[in-house]
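Student: Submitted below is the structure of interest, expressed as structure tokens.
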Amino acid sequence: MISLWFKKKHLVIAVILAAFIFVSMRATEFDLSKFRDFGNMIEFLGQWFPMDTSKLPLMLEDAGETLAMAFLGSFLALIIALPVSFLAAKNTAPIGFFYLLRTGLSFIRSVPEIVIGLILLTMLGLGPFPAVIAIMIHNIGVLGKLISELIEAADPGPQEAMRAVGAKRWIAHLFSILPQIWPNVLSHFFYRFEVAIRTSLILGFIGGGGIGQRLFNDFKTFQYSAVALDVLIIMVMVIVIDFLTSYIRNRVI
């Protein structure tokens with residue numbers, strides 16, 4: 001009887017999943033037959049070579065600007081998110097703050113960086129500064145949620161011991177919880193830094209500076225040989241940073 005119920009349950013799940021797949025394919029005009037024009041893409045990519053290296057120094061400078069945008073936005077977000085997280089965790093938040101801050105962090109997290117960037121560009125103008133602020137604002141929401149969950153999962157024993165010897169509430173929170181969660185906090189930070197690099201590229205498409213803006217401008221002006229080098233620099237940069245941050249995370253944790 002139980003076996004039959006499980007079979008029916010799995011059948012219902014399979015039917016629902018198939019229905020979702022079918023509806024999604026119809027909504028997105030998913031059609032593999034469109035790859036019959038694959039030859040056109042090969043011909044298009046052939047225009048990318050040989051690469052134009054005449055602007056390599058400027059491209060590397062823009063790549064450095066992209067890294068700076070991602071790092072600064074992520075670091076400032078971490079500095080702000082740390083104290084906010086203690087006010088957004090159930091076991092450390094003052095009465096009345098928990099739901100207010102959790103709702104606020106959810107709202108911030110729900111707004112994509114590109115939307116924040118578009119809003120800031122109208123006020124701050126073009127350049128990397130609005131992109132840094134956009135990355136920072138979004139990551140405050142993300143890191144605030146992640147760190148607050150780490151705080152809630154921390155062992156309460158050290159905190160209770162510090163309170164028992166007369167430590168103030170905020171001192172007990174700081175010195176009993178932070179050492180426990182710090183390796184995971186750094187892990188989350190490095191992961192968000194990796195994500196911020198990719199976000200910086202997208203923000204460059206709307207005038208946020210960096211190698212993303214150069215890639216967009218080269219593509220828009222049909223300088224495909226320069227586009228090829230832009231893409232190569234981006235690939236190398238992302239791969240190197242991924243390996244570096246993974247190595248640091250493994251060493252820390």
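Ordering of the structure tokens sets the chain letters (A, B, ...), residue numbers begin anew at 1 in every chain, and ligands are numbered from 1 in the order given.
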Please identify all polymer residues within 12 Å of A:Glu61, counting only C-alpha atoms, omitting same-chain residues fewer than 4 positions from it, and present them as a list of chain:residue names.
Tutor: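 After dropping sequence-adjacent residues, the list is A:Lys55, A:Leu56, A:Pro57, A:Glu65, A:Thr66, A:Leu67, A:Ala68, A:Gly209, A:Gly210, A:Ile211, A:Gly212, A:Arg214, A:Asp230, A:Ile233.
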Student: Show me, as an mmCIF file with N, CA, C and O atoms, in the first residue's frame, the residues that have an atom within 10 Å of A:Leu118 when counting only C-alpha atoms, minus same-chain residues fewer than 2 positions from it.
Tutor:
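Listed below is the output, around18.cif:
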data_model
loop_
_atom_site.group_PDB
_atom_site.id
_atom_site.type_symbol
_atom_site.label_atom_id
_atom_site.label_comp_id
_atom_site.auth_asym_id
_atom_site.auth_seq_id
_atom_site.Cartn_x
_atom_site.Cartn_y
_atom_site.Cartn_z
ATOM 1 N N GLU A 113 21.782 44.390 -8.954
ATOM 2 C CA GLU A 113 22.782 45.460 -9.001
ATOM 3 C C GLU A 113 22.592 46.370 -10.207
ATOM 4 O O GLU A 113 22.810 47.582 -10.109
ATOM 5 N N ILE A 114 22.171 45.787 -11.342
ATOM 6 C CA ILE A 114 22.043 46.605 -12.546
ATOM 7 C C ILE A 114 20.935 47.640 -12.395
ATOM 8 O O ILE A 114 21.039 48.765 -12.903
ATOM 9 N N VAL A 115 19.869 47.305 -11.663
ATOM 10 C CA VAL A 115 18.788 48.262 -11.417
ATOM 11 C C VAL A 115 19.289 49.374 -10.491
ATOM 12 O O VAL A 115 19.041 50.559 -10.738
ATOM 13 N N ILE A 116 20.001 48.980 -9.431
ATOM 14 C CA ILE A 116 20.574 49.984 -8.525
ATOM 15 C C ILE A 116 21.548 50.870 -9.282
ATOM 16 O O ILE A 116 21.574 52.094 -9.104
ATOM 17 N N LEU A 120 21.519 54.928 -9.761
ATOM 18 C CA LEU A 120 22.637 55.755 -9.289
ATOM 19 C C LEU A 120 23.290 56.547 -10.419
ATOM 20 O O LEU A 120 23.798 57.648 -10.197
ATOM 21 N N LEU A 121 23.281 55.977 -11.630
ATOM 22 C CA LEU A 121 23.896 56.675 -12.766
ATOM 23 C C LEU A 121 23.207 58.001 -13.054
ATOM 24 O O LEU A 121 23.857 58.970 -13.474
ATOM 25 N N THR A 122 21.907 58.052 -12.830
ATOM 26 C CA THR A 122 21.178 59.304 -13.069
ATOM 27 C C THR A 122 21.569 60.381 -12.057
ATOM 28 O O THR A 122 21.443 61.572 -12.343
ATOM 29 N N MET A 123 22.057 59.947 -10.891
ATOM 30 C CA MET A 123 22.409 60.893 -9.847
ATOM 31 C C MET A 123 23.914 61.172 -9.799
ATOM 32 O O MET A 123 24.334 62.313 -9.629
ATOM 33 N N GLY A 125 26.247 60.091 -12.259
ATOM 34 C CA GLY A 125 26.904 60.155 -13.561
ATOM 35 C C GLY A 125 27.609 58.853 -13.900
ATOM 36 O O GLY A 125 27.606 57.890 -13.129
ATOM 37 N N LEU A 126 28.221 58.824 -15.085
ATOM 38 C CA LEU A 126 28.915 57.629 -15.552
ATOM 39 C C LEU A 126 30.211 57.432 -14.788
ATOM 40 O O LEU A 126 30.763 58.366 -14.216
ATOM 41 N N PRO A 130 29.420 54.807 -9.236
ATOM 42 C CA PRO A 130 28.067 54.253 -9.065
ATOM 43 C C PRO A 130 28.050 52.727 -9.055
ATOM 44 O O PRO A 130 27.237 52.119 -8.345
ATOM 45 N N ALA A 131 28.948 52.114 -9.828
ATOM 46 C CA ALA A 131 29.009 50.649 -9.856
ATOM 47 C C ALA A 131 29.456 50.104 -8.501
ATOM 48 O O ALA A 131 28.916 49.092 -8.026
ATOM 49 N N ALA A 134 26.542 50.354 -6.151
ATOM 50 C CA ALA A 134 25.514 49.359 -6.491
ATOM 51 C C ALA A 134 25.906 47.977 -5.967
ATOM 52 O O ALA A 134 25.069 47.261 -5.395
ATOM 53 N N LEU A 203 27.759 45.789 -15.158
ATOM 54 C CA LEU A 203 27.558 47.209 -14.862
ATOM 55 C C LEU A 203 28.341 48.089 -15.839
ATOM 56 O O LEU A 203 27.952 49.222 -16.101
ATOM 57 N N ILE A 206 26.375 49.457 -18.822
ATOM 58 C CA ILE A 206 25.498 50.625 -18.663
ATOM 59 C C ILE A 206 26.292 51.875 -18.289
ATOM 60 O O ILE A 206 25.725 52.855 -17.817
ATOM 61 N N GLY A 207 27.617 51.823 -18.499
ATOM 62 C CA GLY A 207 28.434 53.003 -18.250
ATOM 63 C C GLY A 207 29.144 52.992 -16.923
ATOM 64 O O GLY A 207 29.578 54.054 -16.444
ATOM 65 N N GLY A 208 29.295 51.791 -16.320
ATOM 66 C CA GLY A 208 29.930 51.697 -15.011
ATOM 67 C C GLY A 208 31.433 51.588 -15.040
ATOM 68 O O GLY A 208 32.057 51.388 -13.997
#
Student: Please return, as a ChimeraX atom specification, all residues of stretch 26-175 of chain A that DSSP assigns to alpha helix (DSSP H) on the basis of the backbone.
Tutor: /A:26-27,38-46,56-87,97-110,113-124,128-153,156-164,169-175
Student: Nearest to A:Val231 among A:Phe216, A:Phe189, A:Phe175, A:Phe243, with distances taken over only C-alpha atoms: which residue is it?
Tutor: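 Smallest separation from A:Val231 among the options: A:Phe216.
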Student: Can you tell me how far atom CA of A:Met59 sits from atom CA of A:Met235, in Å to one decimal?
Tutor: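 Computing it gives 13.1 Å between the two atoms.
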Student: Just the number, please: distance in Å from atom CA of A:Phe71 to atom CA of A:Pro83, one decimal.
Tutor: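 Distance between the two atoms: 19.4 Å.
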Student: Atom CA of A:Ser106 and atom CA of A:Gly141, how far apart in Å?
Tutor: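 We find that atom CA of A:Gly141 and atom CA of A:Ser106 lie 6.4 Å from each other.
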